[in-house]
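For reference, start_37.cif (mmCIF, C-alpha atoms (C1' of nucleotides)):
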```cif
data_model
loop_
_atom_site.group_PDB
_atom_site.id
_atom_site.type_symbol
_atom_site.label_atom_id
_atom_site.label_comp_id
_atom_site.auth_asym_id
_atom_site.auth_seq_id
_atom_site.Cartn_x
_atom_site.Cartn_y
_atom_site.Cartn_z
ATOM 1 C CA MET A 1 -18.755 -5.167 -0.669
ATOM 2 C CA PRO A 2 -20.394 -4.283 2.604
ATOM 3 C CA SER A 3 -21.133 -7.430 4.517
ATOM 4 C CA TRP A 4 -22.669 -4.920 6.859
ATOM 5 C CA GLU A 5 -26.029 -3.544 6.138
ATOM 6 C CA THR A 6 -26.755 -0.318 4.353
ATOM 7 C CA PRO A 7 -24.468 2.639 4.868
ATOM 8 C CA PRO A 8 -26.064 5.722 6.442
ATOM 9 C CA ASP A 9 -27.534 8.549 4.417
ATOM 10 C CA GLN A 10 -24.108 9.338 3.026
ATOM 11 C CA LEU A 11 -24.853 7.557 -0.211
ATOM 12 C CA PRO A 12 -22.987 8.138 -3.476
ATOM 13 C CA PRO A 13 -24.400 11.139 -5.302
ATOM 14 C CA VAL A 14 -26.778 10.658 -8.174
ATOM 15 C CA ALA A 15 -24.808 10.591 -11.409
ATOM 16 C CA ALA A 16 -25.007 13.121 -14.215
ATOM 17 C CA VAL A 17 -27.881 12.995 -16.672
ATOM 18 C CA GLN A 18 -25.893 11.242 -19.323
ATOM 19 C CA LYS A 19 -24.862 8.444 -17.000
ATOM 20 C CA LEU A 20 -28.376 8.148 -15.650
ATOM 21 C CA LEU A 21 -29.760 7.682 -19.127
ATOM 22 C CA ARG A 22 -27.123 5.095 -19.883
ATOM 23 C CA ALA A 23 -28.033 3.178 -16.771
ATOM 24 C CA LEU A 24 -31.719 3.224 -17.653
ATOM 25 C CA ALA A 25 -31.268 2.492 -21.336
ATOM 26 C CA ASP A 26 -31.029 -1.260 -20.862
ATOM 27 C CA PRO A 27 -34.237 -3.318 -20.942
ATOM 28 C CA VAL A 28 -33.225 -5.443 -17.974
ATOM 29 C CA ARG A 29 -32.324 -2.480 -15.797
ATOM 30 C CA LEU A 30 -35.349 -0.477 -16.822
ATOM 31 C CA GLU A 31 -37.528 -3.384 -15.795
ATOM 32 C CA MET A 32 -35.726 -3.624 -12.472
ATOM 33 C CA VAL A 33 -36.433 0.034 -11.784
ATOM 34 C CA ARG A 34 -39.997 -0.303 -13.004
ATOM 35 C CA ARG A 35 -40.709 -3.166 -10.622
ATOM 36 C CA LEU A 36 -39.154 -1.271 -7.785
ATOM 37 C CA ALA A 37 -41.135 1.839 -8.627
ATOM 38 C CA THR A 38 -44.438 -0.003 -8.661
ATOM 39 C CA HIS A 39 -43.588 -1.753 -5.429
ATOM 40 C CA PRO A 40 -45.506 0.057 -2.723
ATOM 41 C CA ALA A 41 -42.678 -0.148 -0.202
ATOM 42 C CA GLY A 42 -40.189 1.144 -2.717
ATOM 43 C CA GLU A 43 -37.884 -1.743 -1.934
ATOM 44 C CA ALA A 44 -37.690 -5.422 -2.761
ATOM 45 C CA PRO A 45 -35.348 -8.391 -2.576
ATOM 46 C CA CYS A 46 -33.002 -8.795 -5.524
ATOM 47 C CA SER A 47 -34.643 -11.885 -6.880
ATOM 48 C CA ASP A 48 -37.988 -10.115 -7.204
ATOM 49 C CA LEU A 49 -36.545 -7.652 -9.653
ATOM 50 C CA TYR A 50 -35.625 -9.878 -12.549
ATOM 51 C CA GLU A 51 -36.425 -13.138 -14.294
ATOM 52 C CA GLY A 52 -34.703 -15.498 -16.670
ATOM 53 C CA LEU A 53 -31.272 -14.138 -15.947
ATOM 54 C CA ASN A 54 -28.087 -15.566 -14.603
ATOM 55 C CA LYS A 55 -27.424 -14.381 -11.070
ATOM 56 C CA SER A 56 -24.072 -12.889 -11.974
ATOM 57 C CA THR A 57 -25.664 -10.947 -14.797
ATOM 58 C CA ALA A 58 -28.239 -9.569 -12.409
ATOM 59 C CA THR A 59 -25.500 -8.501 -10.008
ATOM 60 C CA HIS A 60 -23.771 -6.732 -12.867
ATOM 61 C CA HIS A 61 -26.894 -4.724 -13.666
ATOM 62 C CA PHE A 62 -27.526 -3.916 -10.021
ATOM 63 C CA LYS A 63 -24.022 -2.558 -9.713
ATOM 64 C CA ILE A 64 -24.553 -0.208 -12.642
ATOM 65 C CA LEU A 65 -27.798 1.070 -11.166
ATOM 66 C CA VAL A 66 -26.197 1.578 -7.776
ATOM 67 C CA GLU A 67 -23.217 3.408 -9.247
ATOM 68 C CA ALA A 68 -25.596 5.698 -11.095
ATOM 69 C CA GLY A 69 -27.203 6.542 -7.790
ATOM 70 C CA ILE A 70 -30.564 5.082 -8.745
ATOM 71 C CA LEU A 71 -30.617 2.133 -6.360
ATOM 72 C CA HIS A 72 -29.576 1.723 -2.793
ATOM 73 C CA PRO A 73 -28.569 -1.736 -1.538
ATOM 74 C CA VAL A 74 -30.444 -2.682 1.605
ATOM 75 C CA MET A 75 -31.302 -5.707 3.656
ATOM 76 C CA VAL A 76 -34.895 -6.642 3.146
ATOM 77 C CA GLY A 77 -35.800 -9.254 5.672
ATOM 78 C CA PRO A 78 -33.404 -12.202 5.505
ATOM 79 C CA SER A 79 -32.007 -11.544 2.043
ATOM 80 C CA ARG A 80 -30.558 -8.580 0.201
ATOM 81 C CA GLY A 81 -32.472 -6.181 -1.896
ATOM 82 C CA HIS A 82 -32.598 -2.683 -3.217
ATOM 83 C CA ARG A 83 -34.473 0.506 -2.561
ATOM 84 C CA LEU A 84 -35.315 3.068 -5.193
ATOM 85 C CA ARG A 85 -33.741 6.420 -4.318
ATOM 86 C CA ARG A 86 -36.827 8.394 -5.178
ATOM 87 C CA THR A 87 -36.111 11.643 -3.370
ATOM 88 C CA ALA A 88 -32.462 11.860 -4.385
ATOM 89 C CA LEU A 89 -33.465 11.166 -7.958
ATOM 90 C CA GLN A 90 -36.269 13.670 -7.819
ATOM 91 C CA GLN A 91 -33.859 16.274 -6.558
ATOM 92 C CA ALA A 92 -31.273 15.536 -9.250
ATOM 93 C CA VAL A 93 -33.636 15.365 -12.212
ATOM 94 C CA PRO A 94 -37.092 16.457 -11.118
ATOM 95 C CA GLY A 95 -39.865 14.732 -12.980
ATOM 96 C CA LEU A 96 -37.710 12.173 -14.747
ATOM 97 C CA LEU A 97 -38.815 9.111 -12.855
ATOM 98 C CA ASP A 98 -42.468 10.049 -12.954
ATOM 99 C CA ALA A 99 -42.300 10.737 -16.671
ATOM 100 C CA LEU A 100 -40.666 7.404 -17.414
ATOM 101 C CA MET A 101 -42.832 5.298 -15.136
ATOM 102 C CA GLY A 102 -45.974 6.985 -16.364
ATOM 103 C CA ALA A 103 -45.098 6.282 -19.962
ATOM 104 C CA LEU A 104 -44.123 2.692 -19.169
ATOM 105 C CA ALA A 105 -47.413 2.087 -17.414
ATOM 106 C CA ARG A 106 -49.244 3.568 -20.375
ATOM 107 C CA GLU A 107 -47.469 1.501 -22.996
ATOM 108 C CA GLY A 108 -48.076 -1.739 -21.161
ATOM 109 C CA MET B 1 -33.343 9.131 -48.392
ATOM 110 C CA PRO B 2 -35.767 11.850 -49.349
ATOM 111 C CA SER B 3 -34.052 14.238 -51.671
ATOM 112 C CA TRP B 4 -37.368 16.014 -51.360
ATOM 113 C CA GLU B 5 -38.058 18.132 -48.421
ATOM 114 C CA THR B 6 -39.805 17.097 -45.271
ATOM 115 C CA PRO B 7 -42.635 14.595 -45.430
ATOM 116 C CA PRO B 8 -46.026 15.807 -44.175
ATOM 117 C CA ASP B 9 -47.243 15.329 -40.642
ATOM 118 C CA GLN B 10 -47.291 11.590 -41.134
ATOM 119 C CA LEU B 11 -44.013 11.153 -39.362
ATOM 120 C CA PRO B 12 -42.804 7.899 -37.866
ATOM 121 C CA PRO B 13 -44.263 7.414 -34.398
ATOM 122 C CA VAL B 14 -42.191 8.176 -31.358
ATOM 123 C CA ALA B 15 -40.473 4.989 -30.227
ATOM 124 C CA ALA B 16 -41.057 3.148 -26.964
ATOM 125 C CA VAL B 17 -39.488 4.419 -23.775
ATOM 126 C CA GLN B 18 -36.662 1.935 -23.872
ATOM 127 C CA LYS B 19 -35.636 2.944 -27.376
ATOM 128 C CA LEU B 20 -35.968 6.617 -26.518
ATOM 129 C CA LEU B 21 -33.621 6.220 -23.602
ATOM 130 C CA ARG B 22 -31.169 4.344 -25.751
ATOM 131 C CA ALA B 23 -31.214 7.114 -28.314
ATOM 132 C CA LEU B 24 -30.607 9.764 -25.674
ATOM 133 C CA ALA B 25 -28.001 7.813 -23.726
ATOM 134 C CA ASP B 26 -25.120 8.841 -25.956
ATOM 135 C CA PRO B 27 -23.226 12.054 -25.141
ATOM 136 C CA VAL B 28 -23.088 13.175 -28.753
ATOM 137 C CA ARG B 29 -26.791 12.663 -29.337
ATOM 138 C CA LEU B 30 -27.792 14.196 -26.035
ATOM 139 C CA GLU B 31 -25.811 17.288 -26.943
ATOM 140 C CA MET B 32 -27.518 17.430 -30.328
ATOM 141 C CA VAL B 33 -30.906 17.376 -28.675
ATOM 142 C CA ARG B 34 -29.821 19.882 -26.070
ATOM 143 C CA ARG B 35 -28.682 22.361 -28.681
ATOM 144 C CA LEU B 36 -31.884 21.911 -30.590
ATOM 145 C CA ALA B 37 -33.940 22.345 -27.451
ATOM 146 C CA THR B 38 -32.239 25.577 -26.506
ATOM 147 C CA HIS B 39 -32.548 26.891 -30.040
ATOM 148 C CA PRO B 40 -35.465 29.310 -30.019
ATOM 149 C CA ALA B 41 -36.756 28.208 -33.410
ATOM 150 C CA GLY B 42 -36.607 24.568 -32.394
ATOM 151 C CA GLU B 43 -34.705 23.764 -35.554
ATOM 152 C CA ALA B 44 -31.181 24.177 -36.839
ATOM 153 C CA PRO B 45 -28.886 23.056 -39.661
ATOM 154 C CA CYS B 46 -27.070 19.801 -39.069
ATOM 155 C CA SER B 47 -23.654 21.346 -38.698
ATOM 156 C CA ASP B 48 -24.828 23.551 -35.839
ATOM 157 C CA LEU B 49 -25.635 20.509 -33.752
ATOM 158 C CA TYR B 50 -22.227 18.936 -33.305
ATOM 159 C CA GLU B 51 -18.520 19.656 -33.220
ATOM 160 C CA GLY B 52 -15.326 17.717 -33.620
ATOM 161 C CA LEU B 53 -17.016 14.806 -35.330
ATOM 162 C CA ASN B 54 -16.662 13.155 -38.664
ATOM 163 C CA LYS B 55 -19.618 13.947 -40.918
ATOM 164 C CA SER B 56 -20.489 10.310 -41.358
ATOM 165 C CA THR B 57 -20.543 9.818 -37.626
ATOM 166 C CA ALA B 58 -22.901 12.742 -37.271
ATOM 167 C CA THR B 59 -25.191 11.278 -39.916
ATOM 168 C CA HIS B 60 -25.183 8.010 -38.011
ATOM 169 C CA HIS B 61 -26.326 9.709 -34.822
ATOM 170 C CA PHE B 62 -28.947 11.761 -36.615
ATOM 171 C CA LYS B 63 -30.404 8.599 -38.078
ATOM 172 C CA ILE B 64 -30.779 7.041 -34.648
ATOM 173 C CA LEU B 65 -32.504 10.139 -33.304
ATOM 174 C CA VAL B 66 -34.838 10.267 -36.281
ATOM 175 C CA GLU B 67 -35.705 6.581 -36.011
ATOM 176 C CA ALA B 68 -36.505 7.093 -32.349
ATOM 177 C CA GLY B 69 -38.945 9.792 -33.353
ATOM 178 C CA ILE B 70 -37.051 12.538 -31.571
ATOM 179 C CA LEU B 71 -35.871 14.502 -34.595
ATOM 180 C CA HIS B 72 -37.530 15.439 -37.842
ATOM 181 C CA PRO B 73 -35.338 16.103 -40.886
ATOM 182 C CA VAL B 74 -36.160 19.423 -42.503
ATOM 183 C CA MET B 75 -34.696 21.898 -44.929
ATOM 184 C CA VAL B 76 -33.477 24.919 -43.054
ATOM 185 C CA GLY B 77 -32.601 27.575 -45.548
ATOM 186 C CA PRO B 78 -30.142 26.257 -48.131
ATOM 187 C CA SER B 79 -28.893 23.255 -46.165
ATOM 188 C CA ARG B 80 -30.459 20.406 -44.279
ATOM 189 C CA GLY B 81 -31.254 20.407 -40.650
ATOM 190 C CA HIS B 82 -33.440 18.950 -37.988
ATOM 191 C CA ARG B 83 -36.391 19.987 -35.911
ATOM 192 C CA LEU B 84 -37.076 18.757 -32.412
ATOM 193 C CA ARG B 85 -40.433 16.965 -32.252
ATOM 194 C CA ARG B 86 -41.477 18.615 -29.042
ATOM 195 C CA THR B 87 -45.219 18.014 -29.129
ATOM 196 C CA ALA B 88 -45.002 14.421 -30.306
ATOM 197 C CA LEU B 89 -42.438 13.744 -27.631
ATOM 198 C CA GLN B 90 -44.473 15.498 -25.000
ATOM 199 C CA GLN B 91 -47.459 13.376 -25.931
ATOM 200 C CA ALA B 92 -45.486 10.133 -25.843
ATOM 201 C CA VAL B 93 -43.615 10.736 -22.585
ATOM 202 C CA PRO B 94 -44.979 13.878 -20.931
ATOM 203 C CA GLY B 95 -42.383 15.768 -18.973
ATOM 204 C CA LEU B 96 -39.379 13.782 -20.156
ATOM 205 C CA LEU B 97 -37.796 16.434 -22.325
ATOM 206 C CA ASP B 98 -38.379 19.193 -19.807
ATOM 207 C CA ALA B 99 -36.928 17.090 -17.012
ATOM 208 C CA LEU B 100 -33.795 16.262 -18.993
ATOM 209 C CA MET B 101 -33.177 19.721 -20.380
ATOM 210 C CA GLY B 102 -33.786 21.313 -17.014
ATOM 211 C CA ALA B 103 -31.267 19.040 -15.360
ATOM 212 C CA LEU B 104 -28.753 19.565 -18.145
ATOM 213 C CA ALA B 105 -29.036 23.318 -17.847
ATOM 214 C CA ARG B 106 -28.585 23.031 -14.121
ATOM 215 C CA GLU B 107 -25.513 20.827 -14.248
ATOM 216 C CA GLY B 108 -23.730 23.088 -16.736
ATOM 217 C "C1'" DC C 1 -22.313 23.365 -67.409
ATOM 218 C "C1'" DT C 2 -18.942 22.855 -63.854
ATOM 219 C "C1'" DC C 3 -17.265 23.131 -59.369
ATOM 220 C "C1'" DC C 4 -17.832 23.025 -54.620
ATOM 221 C "C1'" DA C 5 -19.923 22.539 -50.171
ATOM 222 C "C1'" DA C 6 -22.784 19.640 -47.342
ATOM 223 C "C1'" DG C 7 -24.750 15.055 -46.307
ATOM 224 C "C1'" DT C 8 -25.182 10.233 -47.133
ATOM 225 C "C1'" DT C 9 -23.732 5.476 -47.829
ATOM 226 C "C1'" DT C 10 -20.743 1.715 -47.241
ATOM 227 C "C1'" DG C 11 -17.187 -0.962 -45.204
ATOM 228 C "C1'" DA C 12 -13.878 -1.771 -41.640
ATOM 229 C "C1'" DC C 13 -11.958 -1.570 -37.082
ATOM 230 C "C1'" DG C 14 -11.638 -1.130 -32.030
ATOM 231 C "C1'" DA C 15 -13.831 -0.448 -27.715
ATOM 232 C "C1'" DA C 16 -17.592 -1.109 -24.694
ATOM 233 C "C1'" DC C 17 -21.154 -4.105 -23.113
ATOM 234 C "C1'" DA C 18 -24.356 -7.961 -21.847
ATOM 235 C "C1'" DT C 19 -24.212 -12.581 -20.872
ATOM 236 C "C1'" DC C 20 -22.702 -16.789 -18.907
ATOM 237 C "C1'" DG C 21 -20.112 -20.448 -15.957
ATOM 238 C "C1'" DT C 22 -17.391 -21.234 -12.133
ATOM 239 C "C1'" DA C 23 -15.415 -20.342 -7.854
ATOM 240 C "C1'" DC C 24 -15.754 -17.744 -3.609
ATOM 241 C "C1'" DT C 25 -18.076 -15.311 0.310
ATOM 242 C "C1'" DT C 26 -21.618 -14.742 3.734
ATOM 243 C "C1'" DC C 27 -25.580 -15.115 5.515
ATOM 244 C "C1'" DT C 28 -29.554 -18.228 7.830
ATOM 245 C "C1'" DC C 29 -31.424 -22.121 9.747
ATOM 246 C "C1'" DC C 30 -31.144 -26.719 11.547
ATOM 247 C "C1'" DG D 1 -20.765 -26.051 13.804
ATOM 248 C "C1'" DG D 2 -22.339 -27.500 9.064
ATOM 249 C "C1'" DA D 3 -25.204 -27.456 5.029
ATOM 250 C "C1'" DG D 4 -27.289 -24.862 1.838
ATOM 251 C "C1'" DA D 5 -29.342 -20.788 -0.143
ATOM 252 C "C1'" DA D 6 -28.401 -16.063 -1.957
ATOM 253 C "C1'" DG D 7 -25.168 -12.817 -3.910
ATOM 254 C "C1'" DT D 8 -20.656 -11.428 -5.476
ATOM 255 C "C1'" DA D 9 -16.139 -11.473 -8.008
ATOM 256 C "C1'" DC D 10 -13.658 -12.974 -11.901
ATOM 257 C "C1'" DG D 11 -12.598 -14.351 -16.513
ATOM 258 C "C1'" DA D 12 -14.063 -15.475 -21.101
ATOM 259 C "C1'" DT D 13 -16.964 -14.762 -25.134
ATOM 260 C "C1'" DG D 14 -19.855 -12.973 -28.676
ATOM 261 C "C1'" DT D 15 -22.377 -8.975 -30.002
ATOM 262 C "C1'" DT D 16 -23.475 -4.326 -30.355
ATOM 263 C "C1'" DC D 17 -22.046 0.290 -30.977
ATOM 264 C "C1'" DG D 18 -19.305 4.519 -31.985
ATOM 265 C "C1'" DT D 19 -15.856 6.061 -34.959
ATOM 266 C "C1'" DC D 20 -13.462 7.017 -39.124
ATOM 267 C "C1'" DA D 21 -12.024 7.089 -44.216
ATOM 268 C "C1'" DA D 22 -13.284 6.972 -48.822
ATOM 269 C "C1'" DA D 23 -16.629 6.983 -52.553
ATOM 270 C "C1'" DC D 24 -21.053 8.639 -54.054
ATOM 271 C "C1'" DT D 25 -25.190 12.098 -54.309
ATOM 272 C "C1'" DT D 26 -27.282 16.442 -54.438
ATOM 273 C "C1'" DG D 27 -28.266 21.212 -54.536
ATOM 274 C "C1'" DG D 28 -26.362 26.030 -55.503
ATOM 275 C "C1'" DA D 29 -23.131 29.495 -57.061
ATOM 276 C "C1'" DG D 30 -20.176 31.210 -60.526
#
```
Output the file's structure in the form of structure tokens.
Amino acid sequence: MPSWETPPDQLPPVAAVQKLLRALADPVRLEMVRRLATHPAGEAPCSDLYEGLNKSTATHHFKILVEAGILHPVMVGPSRGHRLRRTALQQAVPGLLDALMGALAREG
Amino acid sequence: MPSWETPPDQLPPVAAVQKLLRALADPVRLEMVRRLATHPAGEAPCSDLYEGLNKSTATHHFKILVEAGILHPVMVGPSRGHRLRRTALQQAVPGLLDALMGALAREG
DNA sequence: CTCCAAGTTTGACGAACATCGTACTTCTCC
DNA sequence: GGAGAAGTACGATGTTCGTCAAACTTGGAG
């Protein structure tokens, strides 16, 4: 994987709806996205996005989210992290992220 | 299961976001919902909602969608069918269904 | 009443998936 | 440069999930 920082704006395209849903349908990954979405900067170091998980398991989930086009690996300060691809996601499935995050916030 | 027709408006509540996503994350089930959503009446007999599947497999998927609160088993004419719980769904996760169906229509 | 079509239930099987431990890479900081 | 933290890659493992086949149920049509 890129020892170099983040690739330019030529990121992998956002996946099809079915694959997106699959990526979001896991509690761990949904929580990762939720934390990232509530983060004001829209990005955070890896370790801020999960708890009580083995590191390798976390990496596994990150990979799935990246391959779905939901996350974008970046360097955040000294360590690695991820950014939520809000605009790309909004363009692919307008309203999806807002709908999900709104409902999540509502259901506590 | 109810040999009698559809229960009154006291339907099971729509499930939490995570369970909803899980229910929709399968290609077969997503197609079922898509067909139902495009159906003008918002309801259709079971056999109109899938193809190339064993009947028992279809029943399995229907059960998951019903338990998630997405579908509502009804009698449609002589045979059984399902209705899409649009309003309940819209109340639980506003915009979700529209976002998904819009994207599906767009991606062919 | 009997037969048939349409769904459901149950059980079994194979594939996909989440999780972990360990070893390896690659940074940063001293 | 070396030590250590932070992630990643790789197997291995147990569980969940989608699928089917066969037996049962139910509602209508003849």
Q. Got a sec to pull out which chain A residues are within 10 Å of chain D, counting all atoms listed in the file, and send them as JSON, numbers by chain?
A. {"A": [1, 46, 47, 55, 56, 58, 59, 60, 78, 79, 80]}
For this structure, which residues satisfy the selection - the PyMOL selection byres ((chain C) within 9 of (chain A)) - when it is evaluated on the file as given? I want them as a short mmCIF file (atom, residue, chain, number, x, y, z; two decimals) with C-alpha atoms (C1' of nucleotides), in the frame of the given file.
```cif
data_model
loop_
_atom_site.label_atom_id
_atom_site.label_comp_id
_atom_site.auth_asym_id
_atom_site.auth_seq_id
_atom_site.Cartn_x
_atom_site.Cartn_y
_atom_site.Cartn_z
"C1'" DA C 18 -24.36 -7.96 -21.85
"C1'" DT C 19 -24.21 -12.58 -20.87
"C1'" DC C 20 -22.70 -16.79 -18.91
"C1'" DT C 26 -21.62 -14.74 3.73
"C1'" DC C 27 -25.58 -15.12 5.52
"C1'" DT C 28 -29.55 -18.23 7.83
#
```
Q | Target residues per the PyMOL selection byres ((chain B) within 7 of (chain A)), formatted as a PyMOL selection string | A | chain B and resi 17-18+21-22+24-25+27+93-96+99-100+103-104
Expected file contents, prior selection, C-alpha atoms, as a compact mmCIF listing (two decimals), keeping the file's coordinate frame:
```
# COMPACT_ATOMS: atom_id res chain seq x y z
CA VAL B 17 -39.49 4.42 -23.78
CA GLN B 18 -36.66 1.94 -23.87
CA LEU B 21 -33.62 6.22 -23.60
CA ARG B 22 -31.17 4.34 -25.75
CA LEU B 24 -30.61 9.76 -25.67
CA ALA B 25 -28.00 7.81 -23.73
CA PRO B 27 -23.23 12.05 -25.14
CA VAL B 93 -43.62 10.74 -22.58
CA PRO B 94 -44.98 13.88 -20.93
CA GLY B 95 -42.38 15.77 -18.97
CA LEU B 96 -39.38 13.78 -20.16
CA ALA B 99 -36.93 17.09 -17.01
CA LEU B 100 -33.80 16.26 -18.99
CA ALA B 103 -31.27 19.04 -15.36
CA LEU B 104 -28.75 19.57 -18.14
```
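The interatomic distance for the pair CA of Pro12 (chain B) and CA of Ala41 (chain B) works out to 21.7 Å.
The gap separating CA of Arg34 (chain B) from CA of Pro73 (chain B) is 16.3 Å, in Å to one decimal.
In this structure, C1' of DT9 (chain C) sits 23.9 Å away from CA of Gly77 (chain B).
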Q: Excluding Ala68 (chain A) and any residue of its chain fewer than 3 positions from it, enumerate the residues within 6 Å of it, using only C-alpha atoms (C1' of nucleotides), and give them as a PyMOL selection string.
A: chain A and resi 14-15+20+65
(Q) Within 10 Å of (-37.6, -1.1, -4.9) (file coordinates; only C-alpha atoms (C1' of nucleotides)), which protein or nucleic acid residues are there? I'd like them as a list of chain:residue names. (A) A:Met32, A:Val33, A:Arg34, A:Arg35, A:Leu36, A:Ala37, A:Thr38, A:His39, A:Pro40, A:Ala41, A:Gly42, A:Glu43, A:Ala44, A:Pro45, A:Cys46, A:Asp48, A:Leu49, A:Leu71, A:His72, A:Pro73, A:Val74, A:Gly81, A:His82, A:Arg83, A:Leu84, A:Arg85, A:Arg86
